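coords-v5.cif follows; it contains mmCIF, C-alpha atoms.
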```cif
data_coords
#
loop_
_atom_site.label_atom_id
_atom_site.label_comp_id
_atom_site.auth_asym_id
_atom_site.auth_seq_id
_atom_site.Cartn_x
_atom_site.Cartn_y
_atom_site.Cartn_z
CA MET A 1 71.98 83.39 -69.89
CA ALA A 2 71.40 84.62 -66.41
CA GLN A 3 71.37 82.24 -63.51
CA ALA A 4 68.47 81.72 -61.15
CA ALA A 5 68.53 81.12 -57.43
CA ALA A 6 66.66 78.13 -56.03
CA THR A 7 66.02 79.71 -52.66
CA ALA A 8 63.78 82.32 -51.11
CA PRO A 9 64.92 85.15 -48.84
CA ALA A 10 66.83 83.73 -45.88
CA GLY A 11 64.88 83.22 -42.69
CA GLU A 12 61.47 83.17 -44.37
CA ILE A 13 59.31 80.03 -44.41
CA ALA A 14 56.79 79.79 -47.23
CA ILE A 15 53.76 77.63 -46.42
CA TYR A 16 53.36 74.62 -48.68
CA ASP A 17 50.09 74.29 -50.62
CA ALA A 18 50.08 70.73 -51.92
CA ALA A 19 47.50 71.28 -54.66
CA GLU A 20 49.32 74.32 -56.09
CA ALA A 21 52.69 72.62 -55.79
CA LYS A 22 51.52 69.55 -57.70
CA LYS A 23 50.11 71.74 -60.48
CA ALA A 24 53.46 73.50 -60.66
CA VAL A 25 55.34 70.20 -61.01
CA ALA A 26 52.99 69.06 -63.75
CA LYS A 27 53.53 72.31 -65.65
CA LEU A 28 57.27 72.10 -65.09
CA ALA A 29 57.33 68.63 -66.66
CA ASP A 30 55.43 69.95 -69.68
CA GLU A 31 57.64 73.02 -70.08
CA ILE A 32 60.86 71.04 -69.81
CA GLU A 33 59.68 68.53 -72.37
CA LYS A 34 58.81 71.33 -74.79
CA THR A 35 61.80 73.61 -74.31
CA PHE A 36 64.87 71.98 -72.70
CA VAL A 37 67.81 72.18 -75.07
CA PHE A 38 68.24 68.43 -75.60
CA PRO A 39 64.89 66.71 -76.40
CA ASP A 40 66.04 63.24 -75.30
CA VAL A 41 67.16 64.51 -71.89
CA ALA A 42 63.99 66.63 -71.66
CA LYS A 43 61.85 63.49 -71.92
CA ARG A 44 63.81 61.86 -69.10
CA TYR A 45 63.35 64.88 -66.83
CA ALA A 46 59.63 65.03 -67.57
CA ALA A 47 59.12 61.29 -67.03
CA ALA A 48 60.88 61.40 -63.65
CA LEU A 49 58.76 64.31 -62.42
CA ARG A 50 55.51 62.73 -63.59
CA ALA A 51 56.37 59.37 -62.06
CA LYS A 52 57.15 60.86 -58.66
CA LEU A 53 54.07 63.06 -58.82
CA ALA A 54 51.83 60.05 -59.59
CA ALA A 55 53.41 58.07 -56.74
CA GLY A 56 52.65 60.79 -54.19
CA GLY A 57 56.30 61.68 -53.80
CA TYR A 58 55.54 65.37 -53.43
CA ASP A 59 53.03 64.94 -50.61
CA GLY A 60 53.93 65.80 -47.04
CA PHE A 61 55.99 68.95 -47.47
CA ILE A 62 55.29 71.85 -45.13
CA ASP A 63 57.79 74.33 -46.57
CA SER A 64 57.64 75.57 -50.18
CA VAL A 65 61.36 76.33 -50.25
CA ALA A 66 62.20 72.75 -49.24
CA PHE A 67 59.75 71.50 -51.87
CA ALA A 68 61.36 73.56 -54.65
CA ARG A 69 64.80 72.35 -53.60
CA ALA A 70 63.56 68.74 -53.64
CA VAL A 71 62.20 69.12 -57.16
CA THR A 72 65.48 70.67 -58.27
CA ALA A 73 67.40 67.77 -56.69
CA ASP A 74 65.16 65.28 -58.51
CA LEU A 75 65.95 66.96 -61.82
CA GLN A 76 69.68 67.07 -61.10
CA ALA A 77 69.60 63.36 -60.23
CA VAL A 78 68.35 62.59 -63.75
CA ALA A 79 71.02 64.70 -65.48
CA PRO A 80 73.10 67.41 -63.79
CA ASP A 81 72.67 70.88 -65.26
CA GLY A 82 74.25 74.10 -64.03
CA HIS A 83 71.10 76.18 -64.49
CA LEU A 84 68.02 73.96 -64.32
CA ALA A 85 66.15 74.71 -61.09
CA MET A 86 62.76 75.30 -59.54
CA PHE A 87 62.42 78.20 -57.10
CA LEU A 88 59.90 80.50 -55.49
CA ASP A 89 58.73 83.59 -57.29
CA SER A 90 60.56 86.61 -55.92
CA GLY A 91 59.09 90.08 -55.81
CA PRO A 92 60.01 93.46 -54.42
CA SER A 93 59.79 93.68 -50.67
CA PRO A 94 59.27 96.94 -48.76
CA GLN A 95 61.37 95.62 -45.86
CA PRO A 96 65.13 94.93 -45.78
CA ARG A 97 65.96 91.27 -46.14
CA VAL A 98 66.77 89.67 -42.79
CA ALA A 99 68.65 86.42 -42.26
CA GLN A 100 67.97 83.88 -39.54
CA GLY A 101 68.99 85.37 -36.20
CA GLY A 102 67.87 88.85 -37.20
CA ALA A 103 70.99 90.02 -39.04
CA PRO A 104 70.31 92.03 -42.21
CA VAL A 105 71.28 90.32 -45.47
CA ALA A 106 73.86 92.33 -47.40
CA PRO A 107 72.67 93.75 -50.74
CA PRO A 108 74.12 92.15 -53.86
CA PRO A 109 77.42 93.63 -55.07
CA ALA A 110 77.56 96.08 -57.94
CA PRO A 111 77.90 94.49 -61.39
CA MET A 112 81.24 96.25 -61.96
CA GLU A 113 83.73 97.22 -59.25
CA ARG A 114 87.19 98.75 -58.74
CA ALA A 115 87.67 99.82 -62.36
CA GLY A 116 90.93 101.75 -62.67
CA MET A 117 94.71 101.49 -62.64
CA ILE A 118 95.85 99.04 -59.98
CA ALA A 119 99.56 99.66 -60.66
CA PRO A 120 101.58 101.56 -63.26
CA GLY A 121 100.68 100.23 -66.70
CA ILE A 122 98.14 97.73 -65.28
CA ALA A 123 94.38 98.28 -65.50
CA PHE A 124 91.98 96.30 -63.32
CA VAL A 125 88.22 95.70 -63.26
CA ARG A 126 86.02 93.25 -61.38
CA PHE A 127 82.69 91.97 -62.67
CA ASN A 128 80.10 90.29 -60.47
CA GLY A 129 77.65 89.90 -63.33
CA PHE A 130 76.99 90.88 -66.94
CA TYR A 131 73.53 92.43 -66.67
CA GLY A 132 73.67 94.77 -69.65
CA GLN A 133 72.64 97.82 -67.66
CA PRO A 134 73.20 100.98 -69.73
CA GLU A 135 75.05 102.75 -66.93
CA THR A 136 77.41 99.78 -66.50
CA LEU A 137 78.08 99.51 -70.22
CA LYS A 138 78.80 103.24 -70.39
CA ALA A 139 81.12 103.07 -67.38
CA PHE A 140 82.95 100.05 -68.79
CA ALA A 141 83.49 101.73 -72.16
CA GLU A 142 84.75 104.88 -70.45
CA PHE A 143 87.12 102.82 -68.29
CA LEU A 144 88.56 101.04 -71.33
CA ASP A 145 88.97 104.28 -73.25
CA ARG A 146 90.48 106.08 -70.26
CA THR A 147 93.04 103.34 -69.63
CA ALA A 148 93.81 102.51 -73.27
CA GLY A 149 97.56 102.28 -73.59
CA ALA A 150 97.96 100.18 -70.45
CA LYS A 151 100.26 97.24 -71.08
CA THR A 152 98.15 94.83 -69.03
CA LEU A 153 94.44 94.38 -68.32
CA ILE A 154 93.30 92.22 -65.40
CA ILE A 155 89.62 91.19 -65.41
CA ASP A 156 88.49 89.66 -62.13
CA ALA A 157 85.57 87.24 -62.61
CA ARG A 158 86.08 85.22 -59.43
CA THR A 159 82.67 86.31 -58.07
CA HIS A 160 80.90 86.54 -61.45
CA ARG A 161 77.50 84.80 -61.46
CA GLY A 162 76.56 85.19 -65.14
CA GLY A 163 74.38 87.36 -67.36
CA GLY A 164 74.43 88.27 -71.04
CA LEU A 165 76.75 89.34 -73.83
CA GLU A 166 76.60 93.14 -73.80
CA GLU A 167 79.67 93.72 -71.62
CA MET A 168 81.67 91.35 -73.82
CA ASP A 169 80.52 93.31 -76.84
CA VAL A 170 82.00 96.45 -75.30
CA LEU A 171 85.31 94.67 -74.70
CA PHE A 172 85.82 92.45 -77.75
CA PRO A 173 85.99 95.12 -80.51
CA ARG A 174 88.80 96.80 -78.59
CA ILE A 175 90.97 93.77 -77.79
CA PHE A 176 90.78 91.72 -81.00
CA ALA A 177 92.70 92.68 -84.12
CA LYS A 178 90.64 90.65 -86.61
CA ALA A 179 87.01 89.67 -87.11
CA GLN A 180 86.25 86.15 -85.91
CA PRO A 181 83.65 83.96 -84.22
CA VAL A 182 84.31 83.44 -80.52
CA MET A 183 81.34 81.23 -79.57
CA VAL A 184 78.61 79.07 -81.08
CA MET A 185 75.17 79.16 -79.45
CA ASP A 186 72.66 76.41 -80.29
CA THR A 187 69.05 77.10 -79.29
CA ARG A 188 66.31 74.47 -79.47
CA ALA A 189 64.45 75.28 -82.68
CA SER A 190 61.00 75.03 -81.10
CA VAL A 191 61.95 77.76 -78.63
CA ALA A 192 63.50 79.98 -81.29
CA ALA A 193 60.35 79.63 -83.41
CA VAL A 194 58.27 81.09 -80.58
CA ASN A 195 60.71 83.58 -79.02
CA GLY A 196 62.66 84.68 -82.06
CA PRO A 197 66.44 85.17 -82.15
CA LEU A 198 68.53 85.78 -79.05
CA PRO A 199 68.55 89.53 -78.23
CA PHE A 200 72.20 90.35 -78.87
CA ARG A 201 73.41 92.34 -81.88
CA SER A 202 76.72 90.51 -82.07
CA LEU A 203 75.03 87.17 -82.87
CA VAL A 204 74.85 86.06 -86.50
CA LYS A 205 72.52 83.25 -87.58
CA VAL A 206 74.24 80.36 -89.38
CA ASP A 207 73.12 77.04 -90.85
CA ALA A 208 72.24 74.28 -88.40
CA PRO A 209 70.39 70.94 -88.19
CA ALA A 210 66.60 71.24 -88.28
CA GLU A 211 66.21 70.78 -84.52
CA LEU A 212 68.49 73.76 -83.74
CA ALA A 213 68.67 77.51 -84.32
CA ARG A 214 72.39 78.28 -84.41
CA SER A 215 74.11 81.62 -83.93
CA GLU A 216 77.74 82.62 -83.84
CA HIS A 217 78.96 85.25 -81.42
CA ARG A 218 81.23 87.30 -83.67
CA VAL A 219 83.79 90.00 -83.04
CA THR A 220 84.04 93.05 -85.28
CA PRO A 221 87.11 95.09 -84.29
CA VAL A 222 86.94 98.86 -84.09
CA SER A 223 88.69 100.86 -86.81
CA PRO A 224 91.23 102.22 -86.33
CA ALA A 225 92.45 99.48 -84.01
CA SER A 226 92.40 100.16 -80.29
CA PRO A 227 95.66 100.22 -78.30
CA TRP A 228 94.15 97.33 -76.34
CA VAL A 229 94.95 94.89 -79.15
CA ASN A 230 98.55 94.86 -77.95
CA ALA A 231 97.81 94.51 -74.23
CA LYS A 232 98.38 91.38 -72.17
CA ILE A 233 95.11 90.20 -70.56
CA TYR A 234 94.70 88.10 -67.43
CA TYR A 235 91.28 86.68 -66.54
CA LEU A 236 90.81 85.58 -62.93
CA VAL A 237 88.42 82.67 -62.34
CA SER A 238 87.10 80.47 -59.55
CA PRO A 239 84.49 77.72 -59.04
CA ARG A 240 82.02 80.59 -58.57
CA THR A 241 82.68 81.91 -62.09
CA ALA A 242 79.58 80.83 -64.00
CA SER A 243 77.48 81.03 -67.15
CA ALA A 244 78.24 84.19 -69.17
CA ALA A 245 81.54 84.54 -67.28
CA GLU A 246 82.42 81.07 -68.56
CA HIS A 247 81.38 82.12 -72.07
CA LEU A 248 84.06 84.80 -71.78
CA ALA A 249 86.54 82.34 -70.25
CA SER A 250 86.01 79.85 -73.08
CA SER A 251 86.30 82.61 -75.69
CA PHE A 252 89.55 83.81 -74.15
CA LYS A 253 90.96 80.32 -73.92
CA GLY A 254 89.90 79.27 -77.40
CA THR A 255 91.32 82.37 -79.06
CA LYS A 256 94.33 82.49 -76.71
CA ARG A 257 93.61 86.17 -76.24
CA ALA A 258 93.89 86.03 -72.44
CA THR A 259 95.57 83.92 -69.78
CA LEU A 260 93.15 82.32 -67.32
CA ILE A 261 94.37 82.21 -63.71
CA GLY A 262 92.64 80.56 -60.75
CA ASP A 263 90.57 77.40 -60.47
CA THR A 264 88.18 75.52 -62.75
CA THR A 265 84.91 77.38 -63.31
CA ALA A 266 81.38 76.32 -62.31
CA GLY A 267 80.41 74.34 -65.40
CA ALA A 268 77.14 76.12 -66.24
CA GLY A 269 77.30 76.10 -70.03
CA HIS A 270 73.61 76.11 -70.95
CA TYR A 271 71.50 79.23 -71.28
CA GLY A 272 67.77 79.74 -71.02
CA GLY A 273 65.08 81.67 -69.23
CA ALA A 274 62.68 81.73 -66.31
CA VAL A 275 59.18 80.26 -66.67
CA LYS A 276 56.23 80.97 -64.36
CA LEU A 277 54.67 77.74 -63.11
CA GLY A 278 51.85 79.13 -60.98
CA GLY A 279 51.26 78.72 -57.28
CA GLY A 280 54.15 81.01 -56.46
CA TYR A 281 56.75 78.89 -58.29
CA SER A 282 59.01 79.48 -61.27
CA ALA A 283 61.79 77.53 -62.96
CA PHE A 284 64.87 78.33 -64.95
CA ILE A 285 64.88 76.04 -67.97
CA PRO A 286 67.92 75.92 -70.28
CA PHE A 287 66.99 75.96 -73.96
CA GLY A 288 70.45 76.53 -75.42
CA HIS A 289 74.03 75.24 -75.40
CA SER A 290 77.21 77.30 -75.89
CA TYR A 291 80.61 76.10 -77.09
CA PHE A 292 83.76 77.49 -78.67
CA PRO A 293 83.96 76.60 -82.38
CA GLY A 294 85.27 73.04 -82.67
CA ASP A 295 84.94 72.38 -78.93
CA LYS A 296 82.21 70.61 -76.94
CA GLY A 297 81.40 73.27 -74.34
CA TRP A 298 81.86 73.42 -70.59
CA GLU A 299 78.54 72.23 -69.16
CA GLY A 300 79.29 70.05 -66.14
CA THR A 301 83.06 70.31 -66.51
CA GLY A 302 83.87 74.01 -66.34
CA VAL A 303 86.68 75.86 -68.06
CA THR A 304 90.11 74.93 -66.78
CA PRO A 305 92.55 77.79 -66.17
CA ASP A 306 95.87 78.12 -67.96
CA ILE A 307 97.55 78.70 -64.59
CA LYS A 308 95.94 76.86 -61.69
CA VAL A 309 96.24 78.49 -58.29
CA ALA A 310 93.87 78.96 -55.36
CA PRO A 311 91.38 81.68 -56.39
CA GLU A 312 92.51 83.80 -53.45
CA ARG A 313 96.01 83.82 -54.99
CA ALA A 314 94.97 84.58 -58.57
CA LEU A 315 95.53 88.34 -58.41
CA VAL A 316 98.95 87.89 -56.82
CA GLU A 317 99.88 85.58 -59.71
CA ALA A 318 98.62 88.00 -62.35
CA LEU A 319 100.35 91.00 -60.83
CA THR A 320 103.71 89.28 -60.44
CA ARG A 321 103.52 88.05 -64.03
CA ALA A 322 102.84 91.65 -65.04
CA GLY A 323 106.05 92.75 -63.32
CA VAL A 324 104.83 93.89 -59.90
CA ALA A 325 107.19 93.13 -57.02
CA PRO A 326 106.00 90.18 -54.88
CA ALA A 327 105.48 92.20 -51.70
CA GLU A 328 103.49 94.86 -53.54
CA ALA A 329 101.47 92.17 -55.33
CA GLU A 330 100.54 90.63 -51.99
CA ALA A 331 99.45 94.00 -50.60
CA LEU A 332 97.39 94.84 -53.68
CA SER A 333 95.76 91.43 -53.67
CA ALA A 334 94.68 91.93 -50.07
CA GLU A 335 93.34 95.39 -50.87
CA TYR A 336 91.42 94.17 -53.94
CA MET A 337 90.20 90.86 -52.50
CA PRO A 338 86.54 90.24 -53.43
CA THR A 339 84.04 90.42 -50.61
CA GLY A 340 81.77 87.84 -52.26
CA SER A 341 82.21 84.09 -52.17
CA MET A 342 84.58 82.42 -54.61
CA ALA A 343 83.27 78.94 -53.76
CA ARG A 344 81.02 76.91 -56.04
CA ARG A 345 77.39 77.94 -55.77
CA THR A 346 75.15 75.51 -53.89
CA ARG A 347 71.45 75.10 -54.51
#
```

Go ahead and render the structure in this file as structure tokens.
Amino acid sequence: MAQAAATAPAGEIAIYDAAEAKKAVAKLADEIEKTFVFPDVAKRYAAALRAKLAAGGYDGFIDSVAFARAVTADLQAVAPDGHLAMFLDSGPSPQPRVAQGGAPVAPPPAPMERAGMIAPGIAFVRFNGFYGQPETLKAFAEFLDRTAGAKTLIIDARTHRGGGLEEMDVLFPRIFAKAQPVMVMDTRASVAAVNGPLPFRSLVKVDAPAELARSEHRVTPVSPASPWVNAKIYYLVSPRTASAAEHLASSFKGTKRATLIGDTTAGAGHYGGAVKLGGGYSAFIPFGHSYFPGDKGWEGTGVTPDIKVAPERALVEALTRAGVAPAEAEALSAEYMPTGSMARRTR
């Protein structure tokens, strides 16, 4: 479910090897045709790549990054997808990343930030990604247990890029009072036959058409019930909020368990994995589609908030609705403003 970047470290130019690049495109076409979630769309992607390859459309590049972006743009022109992309292989570097002009590139933000009480009776936590790291899961569980009894929980996902389900599976048993499905996840059957089931314990396999392997993301509440079942929850979103963060947004909206505040999310509703293509290239290929039971999903459209405000104003809105005085809400919003971008991700 994680997202992939279609760029290499800023300021670096990767030399283009035409022969290796063409092999990578050919393999990409094959892999998409075999694994992309919708077989009919997969054939269109593959046909477009093969046609341009045969016509010499990938000759003449001098920069591998520009080439990978061009291939990604060609795929998006066939059918937009929030995850599908070609990019350069990335590996550990012994040197700090440096942007053009010599300025160091800031390290990525921590997966979880600012977890604690933001005001009396109001707990706050920001997520920049759901990466399932044991230390993050432990810290999140401890935060929820430490602040249980708060009347309001604010979850800030305005800079959330995606990930998996583990953080949700820490949260859901505490905030739901009854067992229920909160998401359906359809994986292309040919991929499931090779890779096996998705690696999350909260998924339960259910019947599906032959071309799909279907799982339900189910909630099993803790017993005895957590005090969190009675708390008001606000979920802050932006056009940057993507993938697994949208899974949570759609679950919240569908169950009406939280109020979404901010702007429409990114619209990256497919999930998949990275594939090595050779020649220094990889691709993220979606092989699955998520949707709330009875809904159609959010791919390409995003999840619309219950209360639409500029993302920069979302925390002010949540705090005032939770009873914080306007002046104090403004001050807290400024103090807790994310440092990362809240704008839609560009390729």

**Q.** Expansion of the PyMOL selection byres ((chain A and resi 30-33) around 12) into residues, as JSON, numbers by chain
**A.** {"A": [23, 24, 25, 26, 27, 28, 29, 34, 35, 36, 37, 38, 39, 40, 41, 42, 43, 44, 45, 46, 47, 48, 49, 50, 75, 84, 85, 86, 188, 190, 191, 272, 273, 274, 275, 276, 277, 282, 283, 284, 285, 286, 287]}

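Of the residues listed (A:Leu315, A:Ala21, A:Leu212, A:Leu332), A:Leu315 shows the shortest atom-to-atom separation from Ile154 (chain A); distances use only C-alpha atoms.
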
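In this comparison, which uses only C-alpha atoms, the residue of A:Glu216, A:Glu246, A:Asp74, A:Asp59 approaching Gly129 (chain A) most closely is A:Glu246.
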
(Q) For the PyMOL selection byres ((chain A and resi 340) around 8), applied here, can you spell out every residue it catches as a PyMOL selection string? (A) chain A and resi 109+159+338-339+341-342

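CA of Tyr16 (chain A) to CA of Val71 (chain A) spans 13.4 Å [interatomic distance, one decimal].
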
Please define a box with edges along x, y and z of the file around all atoms of region 268-281 of chain A given in the file, extend it by 4 Å on each side, and return its centre and edge lengths in Å to one decimal, as JSON.
```
{"center_x": 64.3, "center_y": 78.9, "center_z": -63.9, "size_x": 34.0, "size_y": 13.6, "size_z": 22.8}
```

Report the residues retrieved by the PyMOL selection byres ((chain A and resi 245) around 8) from the displayed file, expressed as a short mmCIF file (atom, residue, chain, number, x, y, z; two decimals) with C-alpha atoms, in the frame of the given file.
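Written file, selection-v8.cif:
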```cif
data_model
loop_
_atom_site.label_atom_id
_atom_site.label_comp_id
_atom_site.auth_asym_id
_atom_site.auth_seq_id
_atom_site.Cartn_x
_atom_site.Cartn_y
_atom_site.Cartn_z
CA GLY A 129 77.65 89.90 -63.33
CA PHE A 130 76.99 90.88 -66.94
CA ALA A 157 85.57 87.24 -62.61
CA HIS A 160 80.90 86.54 -61.45
CA ARG A 161 77.50 84.80 -61.46
CA GLY A 162 76.56 85.19 -65.14
CA GLY A 163 74.38 87.36 -67.36
CA THR A 241 82.68 81.91 -62.09
CA ALA A 242 79.58 80.83 -64.00
CA SER A 243 77.48 81.03 -67.15
CA ALA A 244 78.24 84.19 -69.17
CA GLU A 246 82.42 81.07 -68.56
CA HIS A 247 81.38 82.12 -72.07
CA LEU A 248 84.06 84.80 -71.78
CA ALA A 249 86.54 82.34 -70.25
#
```

Q) How many Å lie between CA of Thr265 (chain A) and CA of Ala325 (chain A), rounded to one decimal? A) 28.0 Å

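With all atoms listed in the file as the atoms that count, the minimum distance from Gly300 (chain A) to the choices A:Ala70, A:Ala268, A:Ala331, A:Ala141 is reached by A:Ala268.
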
Q.
So that I can check the surroundings of Phe140 (chain A), please list as a ChimeraX atom specification every protein, DNA and RNA residue that reaches within 9 Å of it, counting all atoms listed in the file and ignoring chain neighbours fewer than 4 positions away.
A. /A:112,115,125,135-136,144-145,167,170-171

Completion of region 164-182 of chain A up to N, CA and C atoms, as a CSV table (one decimal), in the frame of the given file:
```csv
chain,number,residue,atom,x,y,z
A,164,GLY,N,74.6,88.3,-69.6
A,164,GLY,CA,74.4,88.3,-71.0
A,164,GLY,C,75.7,88.6,-71.8
A,165,LEU,N,75.6,89.1,-73.0
A,165,LEU,CA,76.8,89.3,-73.8
A,165,LEU,C,77.2,90.8,-74.0
A,166,GLU,N,76.3,91.7,-73.5
A,166,GLU,CA,76.6,93.1,-73.8
A,166,GLU,C,78.0,93.6,-73.3
A,167,GLU,N,78.4,93.3,-72.1
A,167,GLU,CA,79.7,93.7,-71.6
A,167,GLU,C,80.8,93.2,-72.5
A,168,MET,N,80.7,91.9,-72.9
A,168,MET,CA,81.7,91.4,-73.8
A,168,MET,C,81.7,92.1,-75.1
A,169,ASP,N,80.6,92.6,-75.6
A,169,ASP,CA,80.5,93.3,-76.8
A,169,ASP,C,81.1,94.7,-76.7
A,170,VAL,N,81.2,95.2,-75.5
A,170,VAL,CA,82.0,96.4,-75.3
A,170,VAL,C,83.5,96.1,-75.4
A,171,LEU,N,83.9,95.0,-74.8
A,171,LEU,CA,85.3,94.7,-74.7
A,171,LEU,C,85.9,94.1,-76.0
A,172,PHE,N,85.2,93.2,-76.6
A,172,PHE,CA,85.8,92.4,-77.8
A,172,PHE,C,86.3,93.3,-78.9
A,173,PRO,N,85.5,94.3,-79.4
A,173,PRO,CA,86.0,95.1,-80.5
A,173,PRO,C,87.3,95.9,-80.2
A,174,ARG,N,87.6,96.1,-79.0
A,174,ARG,CA,88.8,96.8,-78.6
A,174,ARG,C,90.0,95.9,-78.5
A,175,ILE,N,89.8,94.6,-78.1
A,175,ILE,CA,91.0,93.8,-77.8
A,175,ILE,C,91.3,92.8,-78.9
A,176,PHE,N,90.5,92.6,-79.9
A,176,PHE,CA,90.8,91.7,-81.0
A,176,PHE,C,91.2,92.5,-82.2
A,177,ALA,N,92.2,92.0,-82.9
A,177,ALA,CA,92.7,92.7,-84.1
A,177,ALA,C,92.0,92.3,-85.4
A,178,LYS,N,91.3,91.1,-85.4
A,178,LYS,CA,90.6,90.6,-86.6
A,178,LYS,C,89.3,90.1,-86.3
A,179,ALA,N,88.4,90.2,-87.3
A,179,ALA,CA,87.0,89.7,-87.1
A,179,ALA,C,87.1,88.2,-87.0
A,180,GLN,N,86.3,87.6,-86.1
A,180,GLN,CA,86.2,86.2,-85.9
A,180,GLN,C,85.1,85.7,-85.0
A,181,PRO,N,84.6,84.5,-85.2
A,181,PRO,CA,83.6,84.0,-84.2
A,181,PRO,C,84.3,83.5,-82.9
A,182,VAL,N,83.7,83.8,-81.8
A,182,VAL,CA,84.3,83.4,-80.5
A,182,VAL,C,83.4,82.5,-79.7
```
